[in-house]
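Structure record follows, encoded as structure tokens.
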Amino acid sequence: MGKLGGKVALITGAARGIGAAAARLFVSEGAKVMLVDLAEQPLRELARELGENAAAHVADITDELAVKNMTEAAISRFGKLDIALLNAGIAGELKPLVDYSSEVFDKVIAINVRGTWLGLKYAMKAMEAAGGAIVITASTSSVRATPNMSAYVASKHASIGLMRAAAVEGAAKGIRVNSVNPATIDTPMVQALAQSQGPVANNVETKTRLIPMGRLGEADEVARLMLFLASDDASYCTGGVYMVDGGVTAGRAA
């Protein structure tokens, strides 16, 4: 049956990177999965790859009606909702705060904060009767600053606040809420950021040198921590900030 046998999960940002890795792992562990993203082609390709235990739903997580509909779609397709992996997010621009675009700032906050809040709102409504597990993809930037990424840092700090508020409110109803906090992971988002950045202090090469384990993380390594928190193995875990960061928040490499 696997660790998630009989469970139904909804995963946002599922088309690529960490979300896609989690989708593959969750299905391999017995879950039925509703995959959500705006990137329709790779989303539907992943759903076909995963077969009858996965379905694709294109949605904008900043739109409240769309989030309501995607949650209802998961329940309509698979009968219930046990797990929500609120993983969708964007990095924004890589610029000093004083040069940062207000339009991009608003977009980052809309996706990373409003989108997470809406995901929590409708997942918790769906889980009120029987409980469930919610995992939020946060970041090491949720607990410390990263130069030239003010919108991202602000949004990821906010995601921890939302997670803790939801964990406290959901506990009495059997709803567990935790965050997974990756360092720099080798994903399409990080690759795109690396291609766009100039000689700034937090380029990928510099960041890699500061990680005690000396390498970027892999999406599968993040997904395995998500699996633990989504499963019954984490039955007494809620309100937690779980790092998967190669030791970078413990201290800089020598």
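In the structure tokens, the first chain shown is A, the next is B, and so on; residue numbers restart at 1 for each chain, and ligands run from 1 in the order shown.
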Using DSSP on the backbone coordinates, identify the residues of stretch 111-252 of chain A assigned to strand (DSSP E); present them as a ChimeraX atom specification.
/A:132-137,175-182,241-244
Counting only C-alpha atoms, which residues in stretch 67-120 of chain A sit no more than 10 Å from stretch 140-156 of chain A? For each one, give the nearest pair of atoms and the distance in Å, sorted by chain then residue number, as JSON lines.
{"residue": "A:Gly89", "atom": "CA", "partner": "A:Tyr152", "partner_atom": "CA", "distance": 9.3}
{"residue": "A:Ile90", "atom": "CA", "partner": "A:Tyr152", "partner_atom": "CA", "distance": 7.8}
{"residue": "A:Ala91", "atom": "CA", "partner": "A:Tyr152", "partner_atom": "CA", "distance": 5.8}
{"residue": "A:Gly92", "atom": "CA", "partner": "A:Tyr152", "partner_atom": "CA", "distance": 6.6}
{"residue": "A:Glu93", "atom": "CA", "partner": "A:Met149", "partner_atom": "CA", "distance": 6.8}
{"residue": "A:Leu94", "atom": "CA", "partner": "A:Asn148", "partner_atom": "CA", "distance": 5.3}
{"residue": "A:Lys95", "atom": "CA", "partner": "A:Asn148", "partner_atom": "CA", "distance": 4.6}
{"residue": "A:Pro96", "atom": "CA", "partner": "A:Asn148", "partner_atom": "CA", "distance": 4.4}
{"residue": "A:Leu97", "atom": "CA", "partner": "A:Ser150", "partner_atom": "CA", "distance": 5.8}
{"residue": "A:Val98", "atom": "CA", "partner": "A:Asn148", "partner_atom": "CA", "distance": 9.4}
{"residue": "A:Asp99", "atom": "CA", "partner": "A:Asn148", "partner_atom": "CA", "distance": 9.3}
{"residue": "A:Tyr100", "atom": "CA", "partner": "A:Ser150", "partner_atom": "CA", "distance": 8.1}
{"residue": "A:Ser101", "atom": "CA", "partner": "A:Ala151", "partner_atom": "CA", "distance": 9.6}
{"residue": "A:Ser102", "atom": "CA", "partner": "A:Ala151", "partner_atom": "CA", "distance": 9.4}
{"residue": "A:Val104", "atom": "CA", "partner": "A:Ala151", "partner_atom": "CA", "distance": 8.1}
{"residue": "A:Phe105", "atom": "CA", "partner": "A:Ala151", "partner_atom": "CA", "distance": 5.3}
{"residue": "A:Asp106", "atom": "CA", "partner": "A:Ala151", "partner_atom": "CA", "distance": 8.2}
{"residue": "A:Lys107", "atom": "CA", "partner": "A:Ala151", "partner_atom": "CA", "distance": 9.1}
{"residue": "A:Val108", "atom": "CA", "partner": "A:Ala151", "partner_atom": "CA", "distance": 6.3}
{"residue": "A:Ile109", "atom": "CA", "partner": "A:Ser155", "partner_atom": "CA", "distance": 5.7}
{"residue": "A:Ala110", "atom": "CA", "partner": "A:Ser155", "partner_atom": "CA", "distance": 8.9}
{"residue": "A:Ile111", "atom": "CA", "partner": "A:Ser155", "partner_atom": "CA", "distance": 8.9}
{"residue": "A:Asn112", "atom": "CA", "partner": "A:Ser155", "partner_atom": "CA", "distance": 5.8}
{"residue": "A:Val113", "atom": "CA", "partner": "A:Ser155", "partner_atom": "CA", "distance": 5.7}
{"residue": "A:Arg114", "atom": "CA", "partner": "A:Ser155", "partner_atom": "CA", "distance": 9.3}
{"residue": "A:Thr116", "atom": "CA", "partner": "A:Ser155", "partner_atom": "CA", "distance": 9.9}
With only C-alpha atoms as the counted atoms, please give the residues lying no more than 8 Å from stretch 74-84 of chain A, apart from itself and same-chain residues fewer than 6 positions off, as a list in words.
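What passes the distance filter is Lys7, Val8, Ala9, Leu10, Ile11, Lys32, Val33, Met34, Ala123, Ala126, Met127, Gly131, Gly132, Ala133, Ile134, Val135 and Ala230 of chain A.
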Restricted to N, CA and C atoms, what would the selected residues look like written as a PDB file, in the first residue's frame?
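Here's the written file selection18.pdb:
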ATOM      1  N   LYS A   7      -4.785   7.465   0.402  1.00  0.00           N
ATOM      2  CA  LYS A   7      -4.839   8.912   0.610  1.00  0.00           C
ATOM      3  C   LYS A   7      -5.029   9.651  -0.716  1.00  0.00           C
ATOM      4  N   VAL A   8      -5.643  10.834  -0.623  1.00  0.00           N
ATOM      5  CA  VAL A   8      -5.799  11.710  -1.772  1.00  0.00           C
ATOM      6  C   VAL A   8      -5.050  13.010  -1.492  1.00  0.00           C
ATOM      7  N   ALA A   9      -4.202  13.402  -2.431  1.00  0.00           N
ATOM      8  CA  ALA A   9      -3.383  14.607  -2.259  1.00  0.00           C
ATOM      9  C   ALA A   9      -3.633  15.596  -3.385  1.00  0.00           C
ATOM     10  N   LEU A  10      -3.536  16.857  -3.044  1.00  0.00           N
ATOM     11  CA  LEU A  10      -3.545  17.952  -4.016  1.00  0.00           C
ATOM     12  C   LEU A  10      -2.183  18.616  -3.953  1.00  0.00           C
ATOM     13  N   ILE A  11      -1.560  18.808  -5.118  1.00  0.00           N
ATOM     14  CA  ILE A  11      -0.225  19.401  -5.173  1.00  0.00           C
ATOM     15  C   ILE A  11      -0.246  20.591  -6.113  1.00  0.00           C
ATOM     16  N   LYS A  32      -3.535   8.949  -4.525  1.00  0.00           N
ATOM     17  CA  LYS A  32      -4.149   9.516  -5.714  1.00  0.00           C
ATOM     18  C   LYS A  32      -3.906  11.027  -5.647  1.00  0.00           C
ATOM     19  N   VAL A  33      -3.526  11.630  -6.771  1.00  0.00           N
ATOM     20  CA  VAL A  33      -3.010  12.991  -6.722  1.00  0.00           C
ATOM     21  C   VAL A  33      -3.688  13.884  -7.766  1.00  0.00           C
ATOM     22  N   MET A  34      -4.176  15.043  -7.300  1.00  0.00           N
ATOM     23  CA  MET A  34      -4.635  16.092  -8.197  1.00  0.00           C
ATOM     24  C   MET A  34      -3.483  17.059  -8.397  1.00  0.00           C
ATOM     25  N   ALA A 123      -8.237  24.048   1.626  1.00  0.00           N
ATOM     26  CA  ALA A 123      -7.835  22.711   2.074  1.00  0.00           C
ATOM     27  C   ALA A 123      -8.346  22.447   3.483  1.00  0.00           C
ATOM     28  N   ALA A 126     -11.962  21.625   3.492  1.00  0.00           N
ATOM     29  CA  ALA A 126     -12.197  20.270   3.005  1.00  0.00           C
ATOM     30  C   ALA A 126     -11.822  19.208   4.032  1.00  0.00           C
ATOM     31  N   MET A 127     -10.919  19.552   4.953  1.00  0.00           N
ATOM     32  CA  MET A 127     -10.425  18.580   5.926  1.00  0.00           C
ATOM     33  C   MET A 127     -11.100  18.689   7.289  1.00  0.00           C
ATOM     34  N   GLY A 131      -9.943  15.543   9.209  1.00  0.00           N
ATOM     35  CA  GLY A 131      -8.543  15.875   9.426  1.00  0.00           C
ATOM     36  C   GLY A 131      -7.719  15.701   8.165  1.00  0.00           C
ATOM     37  N   GLY A 132      -6.429  15.960   8.287  1.00  0.00           N
ATOM     38  CA  GLY A 132      -5.545  15.836   7.135  1.00  0.00           C
ATOM     39  C   GLY A 132      -4.193  16.454   7.408  1.00  0.00           C
ATOM     40  N   ALA A 133      -3.362  16.467   6.379  1.00  0.00           N
ATOM     41  CA  ALA A 133      -2.004  17.011   6.502  1.00  0.00           C
ATOM     42  C   ALA A 133      -1.765  18.019   5.391  1.00  0.00           C
ATOM     43  N   ILE A 134      -1.237  19.170   5.764  1.00  0.00           N
ATOM     44  CA  ILE A 134      -0.889  20.217   4.802  1.00  0.00           C
ATOM     45  C   ILE A 134       0.601  20.508   4.934  1.00  0.00           C
ATOM     46  N   VAL A 135       1.279  20.536   3.806  1.00  0.00           N
ATOM     47  CA  VAL A 135       2.715  20.850   3.778  1.00  0.00           C
ATOM     48  C   VAL A 135       2.916  22.060   2.880  1.00  0.00           C
ATOM     49  N   ALA A 230       3.548  14.401   5.198  1.00  0.00           N
ATOM     50  CA  ALA A 230       2.201  14.102   4.705  1.00  0.00           C
ATOM     51  C   ALA A 230       1.677  12.769   5.229  1.00  0.00           C
TER      52      ALA A 230
END
Would you give me, as a CSV table (one decimal) with N, CA, C and O atoms, in the first residue's frame, the residues in stretch 8-194 of chain A that DSSP reads as alpha helix (DSSP H)?
chain,number,residue,atom,x,y,z
A,17,GLY,N,9.9,20.5,-11.2
A,17,GLY,CA,10.7,20.7,-10.0
A,17,GLY,C,10.3,19.9,-8.9
A,17,GLY,O,10.0,18.7,-9.0
A,18,ILE,N,10.2,20.5,-7.7
A,18,ILE,CA,9.9,19.9,-6.5
A,18,ILE,C,8.5,19.3,-6.5
A,18,ILE,O,8.2,18.2,-6.0
A,19,GLY,N,7.5,20.1,-7.1
A,19,GLY,CA,6.2,19.6,-7.1
A,19,GLY,C,6.0,18.3,-7.9
A,19,GLY,O,5.3,17.4,-7.5
A,20,ALA,N,6.7,18.2,-9.1
A,20,ALA,CA,6.7,17.0,-9.9
A,20,ALA,C,7.3,15.8,-9.2
A,20,ALA,O,6.8,14.7,-9.3
A,21,ALA,N,8.4,16.1,-8.5
A,21,ALA,CA,9.1,15.0,-7.8
A,21,ALA,C,8.2,14.5,-6.7
A,21,ALA,O,8.1,13.3,-6.5
A,22,ALA,N,7.5,15.4,-6.0
A,22,ALA,CA,6.6,15.0,-4.9
A,22,ALA,C,5.5,14.2,-5.5
A,22,ALA,O,5.0,13.2,-4.9
A,23,ALA,N,4.9,14.6,-6.7
A,23,ALA,CA,3.8,13.9,-7.3
A,23,ALA,C,4.2,12.5,-7.6
A,23,ALA,O,3.5,11.5,-7.3
A,24,ARG,N,5.4,12.3,-8.2
A,24,ARG,CA,5.9,10.9,-8.6
A,24,ARG,C,6.0,10.1,-7.3
A,24,ARG,O,5.6,8.9,-7.3
A,25,LEU,N,6.6,10.7,-6.3
A,25,LEU,CA,6.8,9.9,-5.0
A,25,LEU,C,5.5,9.6,-4.3
A,25,LEU,O,5.3,8.5,-3.9
A,26,PHE,N,4.6,10.5,-4.3
A,26,PHE,CA,3.3,10.3,-3.6
A,26,PHE,C,2.6,9.2,-4.3
A,26,PHE,O,2.0,8.3,-3.6
A,27,VAL,N,2.5,9.2,-5.6
A,27,VAL,CA,1.8,8.2,-6.3
A,27,VAL,C,2.5,6.8,-6.1
A,27,VAL,O,1.8,5.8,-5.9
A,28,SER,N,3.8,6.8,-6.1
A,28,SER,CA,4.5,5.5,-5.9
A,28,SER,C,4.3,5.0,-4.5
A,28,SER,O,4.4,3.8,-4.3
A,40,GLU,N,0.2,24.3,-18.5
A,40,GLU,CA,-0.7,23.2,-18.9
A,40,GLU,C,0.0,22.0,-19.5
A,40,GLU,O,-0.3,20.8,-19.2
A,41,GLN,N,0.9,22.3,-20.5
A,41,GLN,CA,1.4,21.1,-21.2
A,41,GLN,C,2.3,20.2,-20.3
A,41,GLN,O,2.0,19.0,-20.3
A,42,PRO,N,3.2,20.7,-19.6
A,42,PRO,CA,4.0,19.8,-18.7
A,42,PRO,C,3.1,19.1,-17.6
A,42,PRO,O,3.4,18.0,-17.2
A,43,LEU,N,2.1,19.9,-17.2
A,43,LEU,CA,1.2,19.3,-16.2
A,43,LEU,C,0.5,18.1,-16.7
A,43,LEU,O,0.4,17.1,-16.1
A,44,ARG,N,-0.1,18.2,-17.9
A,44,ARG,CA,-0.9,17.1,-18.5
A,44,ARG,C,0.1,16.0,-18.9
A,44,ARG,O,-0.3,14.8,-18.8
A,45,GLU,N,1.3,16.3,-19.3
A,45,GLU,CA,2.3,15.2,-19.6
A,45,GLU,C,2.6,14.4,-18.3
A,45,GLU,O,2.7,13.2,-18.4
A,46,LEU,N,2.7,15.1,-17.2
A,46,LEU,CA,3.0,14.4,-15.9
A,46,LEU,C,1.8,13.6,-15.5
A,46,LEU,O,2.0,12.4,-15.1
A,47,ALA,N,0.6,14.1,-15.7
A,47,ALA,CA,-0.6,13.3,-15.3
A,47,ALA,C,-0.7,12.0,-16.2
A,47,ALA,O,-1.0,10.9,-15.7
A,48,ARG,N,-0.4,12.1,-17.5
A,48,ARG,CA,-0.4,10.9,-18.3
A,48,ARG,C,0.7,9.9,-17.9
A,48,ARG,O,0.5,8.7,-17.9
A,49,GLU,N,1.9,10.5,-17.5
A,49,GLU,CA,2.9,9.6,-17.0
A,49,GLU,C,2.5,8.8,-15.8
A,49,GLU,O,2.8,7.6,-15.6
A,50,LEU,N,1.8,9.5,-14.9
A,50,LEU,CA,1.5,8.9,-13.6
A,50,LEU,C,0.2,8.0,-13.7
A,50,LEU,O,-0.1,7.2,-12.8
A,64,GLU,N,-9.3,33.3,-6.0
A,64,GLU,CA,-10.0,32.6,-5.0
A,64,GLU,C,-11.0,31.5,-5.6
A,64,GLU,O,-11.0,30.4,-5.1
A,65,LEU,N,-11.7,31.9,-6.6
A,65,LEU,CA,-12.6,31.0,-7.2
A,65,LEU,C,-11.9,29.8,-7.8
A,65,LEU,O,-12.3,28.6,-7.7
A,66,ALA,N,-10.7,30.0,-8.4
A,66,ALA,CA,-9.9,29.0,-9.0
A,66,ALA,C,-9.4,28.0,-7.9
A,66,ALA,O,-9.4,26.8,-8.1
A,67,VAL,N,-9.0,28.5,-6.8
A,67,VAL,CA,-8.6,27.7,-5.7
A,67,VAL,C,-9.7,26.8,-5.1
A,67,VAL,O,-9.6,25.6,-4.8
A,68,LYS,N,-10.9,27.5,-5.0
A,68,LYS,CA,-12.0,26.7,-4.5
A,68,LYS,C,-12.4,25.6,-5.5
A,68,LYS,O,-12.6,24.4,-5.1
A,69,ASN,N,-12.3,25.9,-6.8
A,69,ASN,CA,-12.7,24.9,-7.8
A,69,ASN,C,-11.7,23.8,-7.9
A,69,ASN,O,-12.0,22.6,-8.1
A,70,MET,N,-10.4,24.1,-7.7
A,70,MET,CA,-9.4,23.0,-7.8
A,70,MET,C,-9.5,22.1,-6.6
A,70,MET,O,-9.3,20.9,-6.7
A,71,THR,N,-9.9,22.6,-5.4
A,71,THR,CA,-10.1,21.8,-4.3
A,71,THR,C,-11.3,20.9,-4.5
A,71,THR,O,-11.3,19.7,-4.2
A,72,GLU,N,-12.4,21.5,-5.0
A,72,GLU,CA,-13.6,20.7,-5.3
A,72,GLU,C,-13.3,19.7,-6.4
A,72,GLU,O,-13.9,18.6,-6.4
A,73,ALA,N,-12.5,20.0,-7.3
A,73,ALA,CA,-12.1,19.1,-8.4
A,73,ALA,C,-11.4,17.8,-7.9
A,73,ALA,O,-11.7,16.7,-8.3
A,74,ALA,N,-10.5,18.0,-6.9
A,74,ALA,CA,-9.8,16.9,-6.3
A,74,ALA,C,-10.8,16.0,-5.6
A,74,ALA,O,-10.7,14.7,-5.7
A,75,ILE,N,-11.7,16.6,-4.9
A,75,ILE,CA,-12.7,15.8,-4.1
A,75,ILE,C,-13.7,15.1,-5.1
A,75,ILE,O,-14.0,13.9,-4.9
A,76,SER,N,-14.1,15.8,-6.1
A,76,SER,CA,-15.0,15.2,-7.1
A,76,SER,C,-14.4,14.0,-7.8
A,76,SER,O,-15.0,13.0,-8.0
A,77,ARG,N,-13.1,14.1,-8.1
A,77,ARG,CA,-12.4,13.1,-8.9
A,77,ARG,C,-12.1,11.9,-8.0
A,77,ARG,O,-12.2,10.7,-8.4
A,78,PHE,N,-11.6,12.2,-6.8
A,78,PHE,CA,-11.1,11.1,-6.0
A,78,PHE,C,-11.8,10.8,-4.7
A,78,PHE,O,-11.5,9.9,-3.9
A,102,SER,N,7.9,47.4,-8.3
A,102,SER,CA,6.7,47.3,-7.4
A,102,SER,C,5.8,46.3,-8.1
A,102,SER,O,5.1,45.5,-7.3
A,103,GLU,N,5.7,46.2,-9.4
A,103,GLU,CA,4.9,45.3,-10.1
A,103,GLU,C,5.3,43.8,-9.8
A,103,GLU,O,4.5,42.9,-9.5
A,104,VAL,N,6.6,43.6,-9.8
A,104,VAL,CA,7.1,42.2,-9.5
A,104,VAL,C,6.9,41.9,-8.1
A,104,VAL,O,6.6,40.8,-7.7
A,105,PHE,N,7.2,42.9,-7.2
A,105,PHE,CA,6.9,42.7,-5.8
A,105,PHE,C,5.5,42.2,-5.5
A,105,PHE,O,5.3,41.2,-4.8
A,106,ASP,N,4.5,42.9,-6.1
A,106,ASP,CA,3.1,42.5,-5.9
A,106,ASP,C,2.8,41.1,-6.5
A,106,ASP,O,2.1,40.4,-5.9
A,107,LYS,N,3.5,40.8,-7.6
A,107,LYS,CA,3.2,39.5,-8.1
A,107,LYS,C,3.8,38.4,-7.2
A,107,LYS,O,3.1,37.3,-7.0
A,108,VAL,N,5.0,38.6,-6.7
A,108,VAL,CA,5.6,37.6,-5.8
A,108,VAL,C,4.7,37.4,-4.5
A,108,VAL,O,4.4,36.3,-4.1
A,109,ILE,N,4.2,38.5,-4.0
A,109,ILE,CA,3.4,38.4,-2.8
A,109,ILE,C,2.1,37.7,-3.1
A,109,ILE,O,1.6,36.9,-2.4
A,115,GLY,N,-1.6,33.1,-2.5
A,115,GLY,CA,-1.8,31.8,-3.0
A,115,GLY,C,-1.7,30.7,-1.9
A,115,GLY,O,-2.5,29.8,-1.9
A,116,THR,N,-0.8,30.9,-1.0
A,116,THR,CA,-0.7,29.9,0.1
A,116,THR,C,-1.8,30.1,1.0
A,116,THR,O,-2.4,29.1,1.5
A,117,TRP,N,-2.2,31.3,1.3
A,117,TRP,CA,-3.4,31.6,2.2
A,117,TRP,C,-4.6,31.0,1.6
A,117,TRP,O,-5.4,30.3,2.4
A,118,LEU,N,-4.9,31.2,0.3
A,118,LEU,CA,-6.1,30.6,-0.3
A,118,LEU,C,-6.0,29.1,-0.3
A,118,LEU,O,-7.0,28.4,0.0
A,119,GLY,N,-4.8,28.5,-0.5
A,119,GLY,CA,-4.7,27.1,-0.5
A,119,GLY,C,-5.0,26.5,0.9
A,119,GLY,O,-5.7,25.5,1.1
A,120,LEU,N,-4.5,27.2,1.9
A,120,LEU,CA,-4.8,26.8,3.3
A,120,LEU,C,-6.3,26.9,3.6
A,120,LEU,O,-6.9,26.0,4.2
A,121,LYS,N,-6.9,28.0,3.2
A,121,LYS,CA,-8.3,28.2,3.5
A,121,LYS,C,-9.2,27.1,2.9
A,121,LYS,O,-10.0,26.6,3.7
A,122,TYR,N,-9.0,26.7,1.7
A,122,TYR,CA,-9.9,25.7,1.1
A,122,TYR,C,-9.5,24.3,1.4
A,122,TYR,O,-10.4,23.4,1.6
A,123,ALA,N,-8.2,24.0,1.6
A,123,ALA,CA,-7.8,22.7,2.1
A,123,ALA,C,-8.3,22.4,3.5
A,123,ALA,O,-8.8,21.4,3.8
A,124,MET,N,-8.2,23.4,4.4
A,124,MET,CA,-8.7,23.2,5.7
A,124,MET,C,-10.2,23.1,5.8
A,124,MET,O,-10.7,22.3,6.6
A,125,LYS,N,-10.9,23.8,4.9
A,125,LYS,CA,-12.4,23.6,4.9
A,125,LYS,C,-12.7,22.1,4.5
A,125,LYS,O,-13.6,21.5,5.0
A,126,ALA,N,-12.0,21.6,3.5
A,126,ALA,CA,-12.2,20.3,3.0
A,126,ALA,C,-11.8,19.2,4.0
A,126,ALA,O,-12.3,18.1,4.0
A,127,MET,N,-10.9,19.6,5.0
A,127,MET,CA,-10.4,18.6,5.9
A,127,MET,C,-11.1,18.7,7.3
A,127,MET,O,-10.7,18.0,8.2
A,150,SER,N,14.3,40.8,-2.0
A,150,SER,CA,13.5,41.3,-0.9
A,150,SER,C,12.0,40.7,-0.9
A,150,SER,O,11.5,40.4,0.1
A,151,ALA,N,11.4,40.7,-2.1
A,151,ALA,CA,10.1,40.2,-2.2
A,151,ALA,C,10.0,38.7,-1.9
A,151,ALA,O,9.1,38.3,-1.1
A,152,TYR,N,10.9,37.9,-2.3
A,152,TYR,CA,10.9,36.5,-2.0
A,152,TYR,C,11.1,36.3,-0.5
A,152,TYR,O,10.4,35.5,0.1
A,153,VAL,N,12.1,37.0,0.1
A,153,VAL,CA,12.3,36.8,1.5
A,153,VAL,C,11.1,37.2,2.3
A,153,VAL,O,10.7,36.5,3.2
A,154,ALA,N,10.5,38.3,2.0
A,154,ALA,CA,9.2,38.7,2.7
A,154,ALA,C,8.1,37.7,2.5
A,154,ALA,O,7.5,37.3,3.5
A,155,SER,N,8.0,37.2,1.3
A,155,SER,CA,6.9,36.2,1.1
A,155,SER,C,7.1,34.9,1.8
A,155,SER,O,6.2,34.3,2.3
A,156,LYS,N,8.4,34.5,1.9
A,156,LYS,CA,8.7,33.2,2.5
A,156,LYS,C,8.6,33.3,4.0
A,156,LYS,O,8.3,32.4,4.7
A,157,HIS,N,9.0,34.5,4.6
A,157,HIS,CA,8.8,34.7,6.0
A,157,HIS,C,7.3,34.7,6.3
A,157,HIS,O,6.8,34.1,7.3
A,158,ALA,N,6.5,35.3,5.4
A,158,ALA,CA,5.0,35.3,5.6
A,158,ALA,C,4.5,33.8,5.6
A,158,ALA,O,3.5,33.5,6.3
A,159,SER,N,5.0,33.0,4.7
A,159,SER,CA,4.5,31.6,4.6
A,159,SER,C,4.7,30.9,6.0
A,159,SER,O,3.8,30.0,6.3
A,160,ILE,N,5.7,31.2,6.7
A,160,ILE,CA,5.9,30.5,8.0
A,160,ILE,C,4.8,31.0,9.0
A,160,ILE,O,4.3,30.2,9.8
A,161,GLY,N,4.5,32.3,9.0
A,161,GLY,CA,3.4,32.8,9.8
A,161,GLY,C,2.1,32.2,9.5
A,161,GLY,O,1.3,31.8,10.4
A,162,LEU,N,1.8,32.1,8.2
A,162,LEU,CA,0.6,31.4,7.8
A,162,LEU,C,0.5,30.0,8.3
A,162,LEU,O,-0.5,29.5,8.7
A,163,MET,N,1.6,29.3,8.1
A,163,MET,CA,1.7,27.9,8.5
A,163,MET,C,1.4,27.7,10.0
A,163,MET,O,0.6,26.9,10.4
A,164,ARG,N,2.1,28.6,10.8
A,164,ARG,CA,1.9,28.5,12.3
A,164,ARG,C,0.4,28.8,12.7
A,164,ARG,O,-0.1,28.1,13.5
A,165,ALA,N,-0.1,29.8,12.0
A,165,ALA,CA,-1.5,30.2,12.3
A,165,ALA,C,-2.4,29.1,12.0
A,165,ALA,O,-3.3,28.7,12.8
A,166,ALA,N,-2.2,28.4,10.8
A,166,ALA,CA,-3.1,27.3,10.4
A,166,ALA,C,-2.9,26.1,11.3
A,166,ALA,O,-3.8,25.4,11.6
A,167,ALA,N,-1.6,25.9,11.7
A,167,ALA,CA,-1.4,24.7,12.6
A,167,ALA,C,-2.1,24.8,13.9
A,167,ALA,O,-2.7,23.9,14.4
A,168,VAL,N,-2.1,26.0,14.5
A,168,VAL,CA,-2.8,26.3,15.8
A,168,VAL,C,-4.3,26.1,15.6
A,168,VAL,O,-5.0,25.5,16.4
A,169,GLU,N,-4.8,26.7,14.5
A,169,GLU,CA,-6.3,26.6,14.3
A,169,GLU,C,-6.7,25.2,13.9
A,169,GLU,O,-7.9,24.8,14.2
A,170,GLY,N,-5.9,24.5,13.2
A,170,GLY,CA,-6.3,23.2,12.7
A,170,GLY,C,-6.1,22.0,13.6
A,170,GLY,O,-6.7,21.0,13.4
A,188,PRO,N,14.1,23.8,-12.3
A,188,PRO,CA,14.0,24.8,-13.4
A,188,PRO,C,13.9,26.3,-12.9
A,188,PRO,O,14.5,27.1,-13.6
A,189,MET,N,13.3,26.5,-11.8
A,189,MET,CA,13.2,27.9,-11.3
A,189,MET,C,14.6,28.4,-10.9
A,189,MET,O,15.0,29.5,-11.3
A,190,VAL,N,15.4,27.6,-10.3
A,190,VAL,CA,16.8,28.0,-9.9
A,190,VAL,C,17.7,28.1,-11.2
A,190,VAL,O,18.5,29.1,-11.3
A,191,GLN,N,17.5,27.2,-12.2
A,191,GLN,CA,18.3,27.3,-13.4
A,191,GLN,C,17.9,28.6,-14.2
A,191,GLN,O,18.8,29.2,-14.7
A,192,ALA,N,16.6,28.9,-14.2
A,192,ALA,CA,16.2,30.2,-14.9
A,192,ALA,C,16.8,31.4,-14.2
A,192,ALA,O,17.3,32.3,-14.9
A,193,LEU,N,16.8,31.4,-12.9
A,193,LEU,CA,17.4,32.5,-12.1
A,193,LEU,C,18.8,32.6,-12.4
A,193,LEU,O,19.4,33.7,-12.5
A,194,ALA,N,19.5,31.5,-12.4
A,194,ALA,CA,21.0,31.5,-12.7
A,194,ALA,C,21.3,32.1,-14.0
A,194,ALA,O,22.3,32.8,-14.2
For atom CA of A:Thr187 and atom CA of A:Gly13, the interatomic separation in Å (one decimal)
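Distance between the two atoms: 12.1 Å.
Proximity of A:Leu85, A:Ser139, A:Thr12, A:Arg176 to A:Gly239, computed with only C-alpha atoms, is greatest for A:Arg176.
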Check the smallest atom-to-atom distance from each of A:Val248, A:Ile185, A:Val177, A:Met1 to A:Glu218 using only C-alpha atoms, then report the winner.
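The closest residue to A:Glu218 is A:Ile185.
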What lies within 8 Å of A:Val244 using only C-alpha atoms, ignoring chain neighbours under 4 positions off, as a VMD selection string?
chain A and resid 180 to 183 221 to 222 225
Atoms to include: N, CA and C atoms. Write the selected residues as a PDB file, in the first residue's frame.
ATOM      1  N   VAL A 180       8.219  22.802   4.772  1.00  0.00           N
ATOM      2  CA  VAL A 180       9.514  22.269   4.350  1.00  0.00           C
ATOM      3  C   VAL A 180      10.307  23.445   3.792  1.00  0.00           C
ATOM      4  N   ASN A 181      11.541  23.590   4.248  1.00  0.00           N
ATOM      5  CA  ASN A 181      12.334  24.772   3.938  1.00  0.00           C
ATOM      6  C   ASN A 181      13.614  24.390   3.207  1.00  0.00           C
ATOM      7  N   PRO A 182      13.553  24.363   1.873  1.00  0.00           N
ATOM      8  CA  PRO A 182      14.753  23.987   1.120  1.00  0.00           C
ATOM      9  C   PRO A 182      15.741  25.136   1.006  1.00  0.00           C
ATOM     10  N   ALA A 183      17.003  24.755   0.882  1.00  0.00           N
ATOM     11  CA  ALA A 183      18.017  25.702   0.400  1.00  0.00           C
ATOM     12  C   ALA A 183      17.913  25.721  -1.120  1.00  0.00           C
ATOM     13  N   GLU A 221      15.127  14.924  -2.869  1.00  0.00           N
ATOM     14  CA  GLU A 221      15.491  15.012  -1.452  1.00  0.00           C
ATOM     15  C   GLU A 221      14.474  15.841  -0.680  1.00  0.00           C
ATOM     16  N   VAL A 222      13.936  16.865  -1.312  1.00  0.00           N
ATOM     17  CA  VAL A 222      12.874  17.660  -0.687  1.00  0.00           C
ATOM     18  C   VAL A 222      11.582  16.853  -0.630  1.00  0.00           C
ATOM     19  N   LEU A 225      11.136  14.472   2.351  1.00  0.00           N
ATOM     20  CA  LEU A 225      10.723  15.108   3.599  1.00  0.00           C
ATOM     21  C   LEU A 225       9.240  15.450   3.548  1.00  0.00           C
TER      22      LEU A 225
END
